[in-house]
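Text of upload-v4.tsv, listed as TSV, C-alpha atoms and all ligand atoms:
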```
chain	number	residue	atom	x	y	z
J	99	MET	CA	0.00	0.00	0.00
J	100	SER	CA	1.42	3.40	-0.89
J	101	ARG	CA	2.16	5.73	2.00
J	102	VAL	CA	-0.65	8.11	1.11
J	103	ASN	CA	-3.19	5.27	1.15
J	104	ASP	CA	-1.90	4.23	4.54
J	105	PHE	CA	-2.38	7.70	6.05
J	106	PHE	CA	-5.97	7.16	7.16
J	107	ASN	CA	-5.46	3.57	8.22
J	108	ILE	CA	-6.47	2.99	11.85
J	109	ASN	CA	-6.96	-0.76	11.42
J	110	GLY	CA	-5.97	-2.66	14.58
J	111	LYS	CA	-5.41	0.41	16.74
J	112	ILE	CA	-6.43	-0.07	20.38
J	113	ILE	CA	-8.59	2.91	21.32
J	114	ALA	CA	-9.77	3.59	24.87
J	115	ILE	CA	-12.73	5.96	25.12
J	116	THR	CA	-13.82	7.45	28.44
J	117	GLY	CA	-17.51	8.29	28.51
J	118	GLY	CA	-17.54	5.81	25.64
J	119	ALA	CA	-21.17	4.80	26.13
J	120	GLY	CA	-22.47	8.38	25.77
J	121	VAL	CA	-24.08	9.90	22.71
J	122	LEU	CA	-21.01	11.31	20.96
J	123	CYS	CA	-18.48	8.71	22.05
J	124	SER	CA	-20.68	5.70	21.30
J	125	GLN	CA	-20.80	6.98	17.72
J	126	MET	CA	-16.99	7.18	17.79
J	127	ALA	CA	-16.89	3.58	19.09
J	128	ARG	CA	-19.14	2.39	16.23
J	129	SER	CA	-17.35	4.30	13.48
J	130	LEU	CA	-13.77	3.72	14.66
J	131	GLY	CA	-14.67	0.05	15.18
J	132	GLU	CA	-16.07	-0.15	11.66
J	133	ALA	CA	-12.75	1.29	10.46
J	134	GLY	CA	-10.98	-1.68	12.08
J	135	ALA	CA	-9.96	-0.30	15.47
J	136	LYS	CA	-10.37	-2.34	18.66
J	137	ILE	CA	-12.48	-0.42	21.10
J	138	VAL	CA	-12.38	-0.11	24.88
J	139	ILE	CA	-15.39	1.56	26.46
J	140	LEU	CA	-14.68	3.14	29.85
J	141	ASP	CA	-17.89	4.45	31.38
J	142	LEU	CA	-19.87	4.63	34.61
J	143	SER	CA	-23.17	3.46	33.17
J	144	ASP	CA	-23.57	-0.35	33.18
J	145	LYS	CA	-26.82	-0.10	31.25
J	146	ALA	CA	-25.45	2.12	28.47
J	147	MET	CA	-22.32	-0.03	28.18
J	148	LYS	CA	-24.36	-3.24	27.93
J	149	GLU	CA	-26.56	-1.81	25.17
J	150	LEU	CA	-23.56	-0.49	23.24
J	151	SER	CA	-21.64	-3.73	23.68
J	152	GLU	CA	-24.54	-5.71	22.20
J	153	GLU	CA	-24.62	-3.38	19.22
J	154	LEU	CA	-20.85	-3.53	18.69
J	155	SER	CA	-20.97	-7.35	18.89
J	156	GLN	CA	-23.68	-7.43	16.22
J	157	LYS	CA	-21.39	-5.36	14.02
J	158	ASN	CA	-18.48	-7.75	14.76
J	159	ILE	CA	-16.47	-4.92	16.30
J	160	GLU	CA	-13.81	-6.25	18.67
J	161	HIS	CA	-14.27	-4.46	21.99
J	162	ILE	CA	-14.37	-4.65	25.77
J	163	THR	CA	-16.23	-2.56	28.33
J	164	ILE	CA	-14.75	-1.65	31.70
J	165	LYS	CA	-16.77	0.15	34.35
J	166	THR	CA	-14.56	3.14	35.16
J	167	ASN	CA	-15.02	6.40	37.03
J	168	VAL	CA	-12.68	8.93	35.46
J	169	LEU	CA	-12.56	10.75	38.79
J	170	GLU	CA	-11.02	7.70	40.53
J	171	LYS	CA	-7.39	7.24	39.59
J	172	SER	CA	-7.41	3.68	40.96
J	173	ASP	CA	-10.24	2.81	38.52
J	174	LEU	CA	-8.23	4.25	35.63
J	175	ILE	CA	-5.12	2.30	36.61
J	176	LYS	CA	-7.13	-0.93	36.83
J	177	ALA	CA	-8.68	-0.18	33.44
J	178	LYS	CA	-5.26	0.42	31.88
J	179	GLU	CA	-4.01	-2.91	33.26
J	180	LYS	CA	-7.08	-4.74	31.99
J	181	ILE	CA	-6.62	-3.28	28.49
J	182	LEU	CA	-2.96	-4.26	28.44
J	183	SER	CA	-3.71	-7.80	29.59
J	184	THR	CA	-6.45	-8.10	26.93
J	185	PHE	CA	-4.91	-6.38	23.91
J	186	GLY	CA	-1.21	-6.06	24.84
J	187	THR	CA	-0.99	-2.37	24.01
J	188	ILE	CA	-2.93	0.92	23.91
J	189	ASP	CA	-2.62	3.37	21.02
J	190	VAL	CA	-5.19	6.08	21.64
J	191	LEU	CA	-7.01	7.63	24.59
J	192	ILE	CA	-10.13	9.64	23.84
J	193	ASN	CA	-11.19	11.69	26.88
J	194	GLY	CA	-14.91	11.77	26.21
J	195	ALA	CA	-16.43	11.80	29.70
J	196	GLY	CA	-17.86	15.24	30.31
J	197	GLY	CA	-21.00	17.29	30.35
J	198	ASN	CA	-23.03	20.02	31.98
J	199	LYS	CA	-26.00	19.87	34.34
J	200	PRO	CA	-29.01	22.15	34.90
J	201	GLU	CA	-28.01	22.86	38.53
J	202	ALA	CA	-24.83	24.61	37.29
J	203	THR	CA	-26.74	26.64	34.69
J	204	THR	CA	-28.14	30.14	35.23
J	205	SER	CA	-31.77	30.76	34.27
J	206	ASN	CA	-34.68	33.07	35.06
J	207	GLU	CA	-35.24	31.01	38.19
J	208	LYS	CA	-31.58	30.61	39.20
J	209	SER	CA	-29.20	33.57	39.25
J	210	PHE	CA	-25.43	33.32	39.02
J	211	PHE	CA	-25.31	34.23	42.72
J	212	ASP	CA	-27.34	31.15	43.62
J	213	LEU	CA	-25.41	28.52	41.64
J	214	PRO	CA	-24.54	25.86	44.20
J	215	GLU	CA	-20.88	25.15	44.81
J	216	ASP	CA	-21.32	21.39	44.58
J	217	ALA	CA	-22.89	21.64	41.08
J	218	VAL	CA	-20.05	23.89	39.89
J	219	LYS	CA	-17.48	21.45	41.31
J	220	TRP	CA	-19.28	18.50	39.70
J	221	VAL	CA	-19.11	20.09	36.24
J	222	PHE	CA	-15.55	21.30	36.64
J	223	ASN	CA	-14.28	17.99	37.96
J	224	LEU	CA	-16.01	15.81	35.37
J	225	ASN	CA	-14.76	17.84	32.41
J	226	PHE	CA	-11.33	18.96	33.56
J	227	LEU	CA	-10.18	16.63	36.33
J	228	GLY	CA	-11.56	13.57	34.52
J	229	THR	CA	-9.50	14.50	31.45
J	230	PHE	CA	-6.46	15.31	33.59
J	231	LEU	CA	-6.47	12.05	35.60
J	232	ALA	CA	-7.02	9.80	32.57
J	233	SER	CA	-4.22	11.63	30.75
J	234	GLN	CA	-1.92	11.01	33.73
J	235	VAL	CA	-2.64	7.28	33.80
J	236	PHE	CA	-2.65	6.61	30.04
J	237	GLY	CA	-0.06	9.31	29.30
J	238	GLU	CA	2.40	7.57	31.60
J	239	TYR	CA	1.92	4.40	29.57
J	240	PHE	CA	2.43	6.35	26.31
J	241	ALA	CA	5.61	7.87	27.80
J	242	GLU	CA	6.94	4.35	28.53
J	243	LYS	CA	5.92	3.11	25.09
J	244	GLY	CA	7.33	6.20	23.37
J	245	GLU	CA	4.19	6.90	21.34
J	246	GLY	CA	0.46	7.43	21.65
J	247	ASP	CA	-2.36	9.82	20.85
J	248	ILE	CA	-4.66	11.63	23.25
J	249	ILE	CA	-7.82	13.29	22.00
J	250	ASN	CA	-9.66	15.64	24.35
J	251	ILE	CA	-13.15	17.01	23.88
J	252	SER	CA	-13.43	20.74	24.25
J	253	SER	CA	-16.36	22.88	23.17
J	254	MET	CA	-17.41	26.13	21.48
J	255	ASN	CA	-17.60	27.77	24.88
J	256	ALA	CA	-13.85	27.33	25.33
J	257	PHE	CA	-13.17	29.93	22.59
J	258	ARG	CA	-15.68	32.45	23.95
J	259	PRO	CA	-17.92	31.65	26.92
J	260	LEU	CA	-21.57	31.00	26.21
J	261	THR	CA	-24.24	32.58	28.39
J	262	ASN	CA	-25.75	30.57	31.28
J	263	ILE	CA	-23.03	27.93	31.69
J	264	PRO	CA	-20.07	29.46	33.55
J	265	ALA	CA	-18.74	26.23	35.07
J	266	TYR	CA	-18.94	24.26	31.82
J	267	SER	CA	-17.37	27.12	29.84
J	268	GLY	CA	-14.53	27.47	32.33
J	269	ALA	CA	-13.93	23.74	32.47
J	270	LYS	CA	-13.79	23.37	28.68
J	271	ALA	CA	-11.45	26.38	28.41
J	272	ALA	CA	-9.25	24.51	30.88
J	273	VAL	CA	-9.45	21.37	28.71
J	274	SER	CA	-8.27	23.36	25.64
J	275	ASN	CA	-5.46	24.95	27.64
J	276	PHE	CA	-4.43	21.56	29.06
J	277	THR	CA	-4.40	20.06	25.54
J	278	GLN	CA	-1.73	22.55	24.51
J	279	TRP	CA	0.16	22.18	27.78
J	280	LEU	CA	0.29	18.39	27.65
J	281	ALA	CA	1.24	18.29	23.95
J	282	VAL	CA	4.32	20.38	24.70
J	283	HIS	CA	5.13	18.59	27.95
J	284	MET	CA	5.04	15.11	26.40
J	285	ASN	CA	7.27	16.14	23.48
J	286	HIS	CA	9.75	17.99	25.68
J	287	ASN	CA	10.03	15.31	28.33
J	288	TYR	CA	9.07	11.91	26.91
J	289	SER	CA	8.72	11.41	23.18
J	290	LYS	CA	8.33	13.38	19.98
J	291	LYS	CA	5.83	10.71	18.90
J	292	ILE	CA	3.17	11.50	21.49
J	293	ARG	CA	0.47	13.87	20.30
J	294	VAL	CA	-2.31	15.55	22.27
J	295	ASN	CA	-5.08	17.24	20.32
J	296	ALA	CA	-8.71	18.16	20.91
J	297	ILE	CA	-11.92	18.54	19.00
J	298	ALA	CA	-14.39	21.28	19.81
J	299	PRO	CA	-17.82	20.13	18.69
J	300	GLY	CA	-20.29	22.86	17.82
J	301	PHE	CA	-23.94	22.56	18.67
J	302	LEU	CA	-25.15	19.02	18.57
J	303	LEU	CA	-28.59	18.26	19.87
J	304	THR	CA	-27.95	15.70	22.62
J	305	ASN	CA	-29.27	14.93	26.11
J	306	GLN	CA	-26.74	17.29	27.65
J	307	ASN	CA	-28.17	20.39	25.99
J	308	ARG	CA	-31.64	19.37	24.84
J	309	PHE	CA	-33.19	21.23	27.80
J	310	LEU	CA	-31.43	24.42	26.65
J	311	LEU	CA	-32.11	24.18	22.91
J	312	THR	CA	-35.60	22.73	22.65
J	313	ASN	CA	-38.91	23.13	24.48
J	314	GLN	CA	-40.88	20.13	25.76
J	315	ASP	CA	-42.90	20.09	22.50
J	316	GLY	CA	-39.67	19.85	20.46
J	317	SER	CA	-39.79	23.43	19.14
J	318	LEU	CA	-36.63	25.53	19.38
J	319	THR	CA	-36.01	27.74	22.40
J	320	GLN	CA	-34.84	31.31	21.86
J	321	ARG	CA	-31.31	30.03	22.51
J	322	GLY	CA	-31.76	27.28	19.90
J	323	HIS	CA	-32.88	29.88	17.33
J	324	LYS	CA	-29.92	32.13	18.16
J	325	ILE	CA	-27.47	29.26	17.66
J	326	LEU	CA	-28.87	28.30	14.27
J	327	ASP	CA	-28.88	31.97	13.19
J	328	HIS	CA	-25.22	32.11	14.18
J	329	THR	CA	-24.23	28.89	12.40
J	330	PRO	CA	-23.40	29.70	8.76
J	331	MET	CA	-24.09	26.10	7.73
J	332	GLY	CA	-27.58	26.47	9.21
J	333	ARG	CA	-28.03	23.25	11.17
J	334	PHE	CA	-27.15	21.51	14.41
J	335	GLY	CA	-24.38	18.96	14.14
J	336	ASN	CA	-24.74	15.19	14.34
J	337	PRO	CA	-22.43	12.85	16.26
J	338	GLU	CA	-21.38	11.47	12.83
J	339	ASP	CA	-19.98	14.89	11.91
J	340	LEU	CA	-17.14	14.38	14.40
J	341	ILE	CA	-15.81	11.13	13.04
J	342	SER	CA	-13.69	12.19	10.07
J	343	THR	CA	-11.80	14.71	12.21
J	344	VAL	CA	-11.20	12.14	14.95
J	345	ILE	CA	-9.87	9.64	12.40
J	346	TRP	CA	-7.68	12.37	10.92
J	347	LEU	CA	-6.30	13.25	14.37
J	348	ILE	CA	-5.45	9.66	15.36
J	349	SER	CA	-4.08	8.65	11.97
J	350	ASN	CA	-0.82	9.40	10.18
J	351	TYR	CA	-2.63	11.99	8.10
J	352	SER	CA	-2.11	14.45	10.97
J	353	GLU	CA	1.35	13.22	11.93
J	354	PHE	CA	2.76	16.78	12.36
J	355	VAL	CA	-0.34	18.16	14.09
J	356	ASN	CA	0.04	18.57	17.83
J	357	GLY	CA	-1.63	20.70	20.51
J	358	VAL	CA	-4.53	21.92	18.37
J	359	VAL	CA	-8.20	22.29	19.17
J	360	VAL	CA	-10.23	21.69	16.00
J	361	PRO	CA	-13.68	23.28	15.82
J	362	ILE	CA	-16.32	21.08	14.17
J	363	ASP	CA	-19.07	23.63	14.23
J	364	GLY	CA	-20.53	24.45	10.82
J	365	GLY	CA	-18.68	27.78	10.95
J	366	PHE	CA	-20.12	28.98	14.30
J	367	SER	CA	-16.76	30.07	15.74
J	368	ALA	CA	-15.79	31.88	12.51
J	369	TYR	CA	-18.90	34.08	12.41
J	370	SER	CA	-18.84	37.41	14.24
J	371	GLY	CA	-22.60	37.77	13.90
J	372	VAL	CA	-22.31	40.74	11.52
A	1	LIG	P1	-23.29	12.07	27.21
A	1	LIG	O1	-23.88	12.55	28.50
A	1	LIG	O2	-24.19	11.43	26.22
A	1	LIG	O3	-22.12	11.06	27.50
A	1	LIG	C1	-21.25	11.18	28.58
A	1	LIG	C2	-20.88	9.79	29.05
A	1	LIG	O4	-19.95	9.94	30.13
A	1	LIG	C3	-22.07	9.01	29.61
A	1	LIG	O5	-22.12	7.71	29.03
A	1	LIG	C4	-21.78	8.91	31.11
A	1	LIG	O6	-22.23	7.69	31.71
A	1	LIG	C5	-20.28	9.01	31.14
A	1	LIG	N1	-19.77	9.51	32.42
A	1	LIG	C6	-20.30	10.48	33.21
A	1	LIG	N2	-19.55	10.63	34.31
A	1	LIG	C7	-18.52	9.75	34.21
A	1	LIG	C8	-17.42	9.44	35.04
A	1	LIG	N3	-17.21	10.08	36.20
A	1	LIG	N4	-16.57	8.47	34.64
A	1	LIG	C9	-16.78	7.81	33.47
A	1	LIG	N5	-17.80	8.06	32.64
A	1	LIG	C10	-18.66	9.03	33.01
A	1	LIG	O7	-22.53	13.34	26.60
A	1	LIG	P2	-22.18	13.71	25.10
A	1	LIG	O8	-23.13	14.73	24.65
A	1	LIG	O9	-21.98	12.49	24.29
A	1	LIG	O10	-20.79	14.46	25.31
A	1	LIG	C11	-19.53	13.79	25.23
A	1	LIG	C12	-18.43	14.82	25.38
A	1	LIG	O11	-18.57	15.83	24.36
A	1	LIG	C13	-18.47	15.58	26.71
A	1	LIG	O12	-17.15	15.91	27.09
A	1	LIG	C14	-19.21	16.85	26.35
A	1	LIG	O13	-18.91	17.88	27.25
A	1	LIG	C15	-18.64	17.11	24.97
A	1	LIG	N6	-19.42	17.99	24.11
A	1	LIG	C16	-20.71	17.69	23.81
A	1	LIG	C17	-21.41	18.55	22.96
A	1	LIG	C18	-22.82	18.27	22.58
A	1	LIG	O14	-23.40	19.07	21.86
A	1	LIG	N7	-23.39	17.16	23.02
A	1	LIG	C19	-20.79	19.69	22.43
A	1	LIG	C20	-19.47	19.95	22.76
A	1	LIG	C21	-18.79	19.08	23.59
```
Can the structure in the file be given as structure tokens, please?
Ligand code: NAD
Amino acid sequence: MSRVNDFFNINGKIIAITGGAGVLCSQMARSLGEAGAKIVILDLSDKAMKELSEELSQKNIEHITIKTNVLEKSDLIKAKEKILSTFGTIDVLINGAGGNKPEATTSNEKSFFDLPEDAVKWVFNLNFLGTFLASQVFGEYFAEKGEGDIINISSMNAFRPLTNIPAYSGAKAAVSNFTQWLAVHMNHNYSKKIRVNAIAPGFLLTNQNRFLLTNQDGSLTQRGHKILDHTPMGRFGNPEDLISTVIWLISNYSEFVNGVVVPIDGGFSAYSGV
């Protein structure tokens, strides 16, 4: 196979995905699996992992599921050991566990001054600390191996904060910042073959934000309308829209790309609104 044909080849790669049973990352599991990767789902939800595992089995995608809390380093270490004993190596970590919650979101009923500390900590820890701890555990393995790819999941609100969601915006800005920091740190200290990049999905209609973008009857909220008006491509994204960029970032096609945060947003972040 010529080198250019081999660029996109992810066949046989061992890919661990935290939050892997969620909406976006389960699509990554399906699509990366269909492209020949072996998938490890690390998630808290037994039910979601069981359903996804059945689906992956039907598609003949080689995979394992490991119940893992990304906020417990001991869980992550056990997961890493289980992957190594099953597959012998790990090539990619996708830090997908993350999300927002209504309690950490301002609204007409809840002012900024009333946002409870525990909800803010929950959002910050899940998005930032969960990414940080998994990167410590799997990054140490990549440092020993001398190669590996980490993909973080940032968000539009990391470039400029969105209204209502101060904890989630701050946490995702920290994820983008950490992506750059870790990319440099791994190259300087461990290996020039370790890359750390992130994707920043635009507005996808998922469980995390459905309550902000749609009313109970399915019609768009004012916020939903504003987002579509501000998205030059004129639609919400789908989980499938993320896949080609993820494959690009974990394949040789992006071999000199390191420390970037790629928006996948239908042009949202490029548009000033005027
Ligand atoms: P989701 O809620 O569908 O999936 C998140 C998954 O993480 C769930 O399966 C959940 O069980 C798991 N999880 C939660 N806490 C965990 C923990 N402590 N340890 C391990 N697993 C845990 O969310 P999603 O919409 O698929 O989002 C995935 C990622 O993409 C998140 O980081 C989110 O912030 C980010 N993101 C989503 C959007 C969007 O529009 N949905 C946009 C930008 C970024």
Problem - Contacts with ligand LIG 1 (chain A) at most 9 Å, all atoms listed in the file counted, listed as a ChimeraX atom specification - result: /J:116-125,140-144,146-147,165-170,193-198,223-225,228-229,250-255,266,270,297-308,334-337
Write to file, as a PDB file, keeping the file's coordinate frame, the residues of the selection just made, with C-alpha atoms.
```pdb
ATOM      1  CA  THR J 116     -13.820   7.450  28.440  1.00  0.00           C
ATOM      2  CA  GLY J 117     -17.510   8.290  28.510  1.00  0.00           C
ATOM      3  CA  GLY J 118     -17.540   5.810  25.640  1.00  0.00           C
ATOM      4  CA  ALA J 119     -21.170   4.800  26.130  1.00  0.00           C
ATOM      5  CA  GLY J 120     -22.470   8.380  25.770  1.00  0.00           C
ATOM      6  CA  VAL J 121     -24.080   9.900  22.710  1.00  0.00           C
ATOM      7  CA  LEU J 122     -21.010  11.310  20.960  1.00  0.00           C
ATOM      8  CA  CYS J 123     -18.480   8.710  22.050  1.00  0.00           C
ATOM      9  CA  SER J 124     -20.680   5.700  21.300  1.00  0.00           C
ATOM     10  CA  GLN J 125     -20.800   6.980  17.720  1.00  0.00           C
ATOM     11  CA  LEU J 140     -14.680   3.140  29.850  1.00  0.00           C
ATOM     12  CA  ASP J 141     -17.890   4.450  31.380  1.00  0.00           C
ATOM     13  CA  LEU J 142     -19.870   4.630  34.610  1.00  0.00           C
ATOM     14  CA  SER J 143     -23.170   3.460  33.170  1.00  0.00           C
ATOM     15  CA  ASP J 144     -23.570  -0.350  33.180  1.00  0.00           C
ATOM     16  CA  ALA J 146     -25.450   2.120  28.470  1.00  0.00           C
ATOM     17  CA  MET J 147     -22.320  -0.030  28.180  1.00  0.00           C
ATOM     18  CA  LYS J 165     -16.770   0.150  34.350  1.00  0.00           C
ATOM     19  CA  THR J 166     -14.560   3.140  35.160  1.00  0.00           C
ATOM     20  CA  ASN J 167     -15.020   6.400  37.030  1.00  0.00           C
ATOM     21  CA  VAL J 168     -12.680   8.930  35.460  1.00  0.00           C
ATOM     22  CA  LEU J 169     -12.560  10.750  38.790  1.00  0.00           C
ATOM     23  CA  GLU J 170     -11.020   7.700  40.530  1.00  0.00           C
ATOM     24  CA  ASN J 193     -11.190  11.690  26.880  1.00  0.00           C
ATOM     25  CA  GLY J 194     -14.910  11.770  26.210  1.00  0.00           C
ATOM     26  CA  ALA J 195     -16.430  11.800  29.700  1.00  0.00           C
ATOM     27  CA  GLY J 196     -17.860  15.240  30.310  1.00  0.00           C
ATOM     28  CA  GLY J 197     -21.000  17.290  30.350  1.00  0.00           C
ATOM     29  CA  ASN J 198     -23.030  20.020  31.980  1.00  0.00           C
ATOM     30  CA  ASN J 223     -14.280  17.990  37.960  1.00  0.00           C
ATOM     31  CA  LEU J 224     -16.010  15.810  35.370  1.00  0.00           C
ATOM     32  CA  ASN J 225     -14.760  17.840  32.410  1.00  0.00           C
ATOM     33  CA  GLY J 228     -11.560  13.570  34.520  1.00  0.00           C
ATOM     34  CA  THR J 229      -9.500  14.500  31.450  1.00  0.00           C
ATOM     35  CA  ASN J 250      -9.660  15.640  24.350  1.00  0.00           C
ATOM     36  CA  ILE J 251     -13.150  17.010  23.880  1.00  0.00           C
ATOM     37  CA  SER J 252     -13.430  20.740  24.250  1.00  0.00           C
ATOM     38  CA  SER J 253     -16.360  22.880  23.170  1.00  0.00           C
ATOM     39  CA  MET J 254     -17.410  26.130  21.480  1.00  0.00           C
ATOM     40  CA  ASN J 255     -17.600  27.770  24.880  1.00  0.00           C
ATOM     41  CA  TYR J 266     -18.940  24.260  31.820  1.00  0.00           C
ATOM     42  CA  LYS J 270     -13.790  23.370  28.680  1.00  0.00           C
ATOM     43  CA  ILE J 297     -11.920  18.540  19.000  1.00  0.00           C
ATOM     44  CA  ALA J 298     -14.390  21.280  19.810  1.00  0.00           C
ATOM     45  CA  PRO J 299     -17.820  20.130  18.690  1.00  0.00           C
ATOM     46  CA  GLY J 300     -20.290  22.860  17.820  1.00  0.00           C
ATOM     47  CA  PHE J 301     -23.940  22.560  18.670  1.00  0.00           C
ATOM     48  CA  LEU J 302     -25.150  19.020  18.570  1.00  0.00           C
ATOM     49  CA  LEU J 303     -28.590  18.260  19.870  1.00  0.00           C
ATOM     50  CA  THR J 304     -27.950  15.700  22.620  1.00  0.00           C
ATOM     51  CA  ASN J 305     -29.270  14.930  26.110  1.00  0.00           C
ATOM     52  CA  GLN J 306     -26.740  17.290  27.650  1.00  0.00           C
ATOM     53  CA  ASN J 307     -28.170  20.390  25.990  1.00  0.00           C
ATOM     54  CA  ARG J 308     -31.640  19.370  24.840  1.00  0.00           C
ATOM     55  CA  PHE J 334     -27.150  21.510  14.410  1.00  0.00           C
ATOM     56  CA  GLY J 335     -24.380  18.960  14.140  1.00  0.00           C
ATOM     57  CA  ASN J 336     -24.740  15.190  14.340  1.00  0.00           C
ATOM     58  CA  PRO J 337     -22.430  12.850  16.260  1.00  0.00           C
TER      59      PRO J 337
END
```
Sorted per-residue table, region 123-220 of chain J near region 106-114 of chain J, closest atoms and distance, 9 Å, all atoms listed in the file, as a tab-separated table:
```
residue	atom	partner	partner_atom	distance
J:Ala127	CA	J:Ile113	CA	8.6
J:Leu130	CA	J:Ile108	CA	7.9
J:Gly131	CA	J:Asn109	CA	8.6
J:Ala133	CA	J:Asn109	CA	6.2
J:Gly134	CA	J:Asn109	CA	4.2
J:Ala135	CA	J:Gly110	CA	4.7
J:Lys136	CA	J:Ile112	CA	4.9
J:Ile137	CA	J:Ile113	CA	5.1
J:Val138	CA	J:Ala114	CA	4.5
J:Ile139	CA	J:Ala114	CA	6.2
J:Leu140	CA	J:Ala114	CA	7.0
J:Lys178	CA	J:Ala114	CA	8.9
J:Ile181	CA	J:Ala114	CA	8.4
J:Phe185	CA	J:Ile112	CA	7.4
J:Thr187	CA	J:Ile112	CA	6.9
J:Ile188	CA	J:Ile112	CA	5.1
J:Asp189	CA	J:Ile112	CA	5.2
J:Val190	CA	J:Ile113	CA	4.7
J:Leu191	CA	J:Ala114	CA	4.9
J:Ile192	CA	J:Ala114	CA	6.1
J:Asn193	CA	J:Ala114	CA	8.5
```
Problem - All residues 8 Å or closer to region 199-211 of chain J, only C-alpha atoms, same chain fewer than 4 positions away omitted, as a PyMOL selection string - result: chain J and resi 217-218+221+262-265+306
Handout entry: Asn275 (chain J) environment, 12 Å, all atoms listed in the file, sequence neighbours closer than 6 positions dropped, as JSON, numbers by chain
Key = {"J": [226, 229, 230, 250, 251, 252, 253, 256, 257, 268, 269, 281, 282, 294, 295, 296, 357, 358, 359]}
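For the pair CA of His161 (chain J) and CA of Gly244 (chain J), the interatomic distance is 24.1 Å.
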Can you report as lines of an AutoDock Vina configuration file the centre and edge lengths in Å, to one decimal, of an axis-aligned box around the listed atoms of region 327-343 of chain J padded with 4 Å on each side?
```
center_x = -20.3
center_y = 21.6
center_z = 12.0
size_x = 25.1
size_y = 29.0
size_z = 16.5
```
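Taking CA of Ser289 (chain J) and CA of Val235 (chain J) as the two end points, the separation is 16.1 Å.
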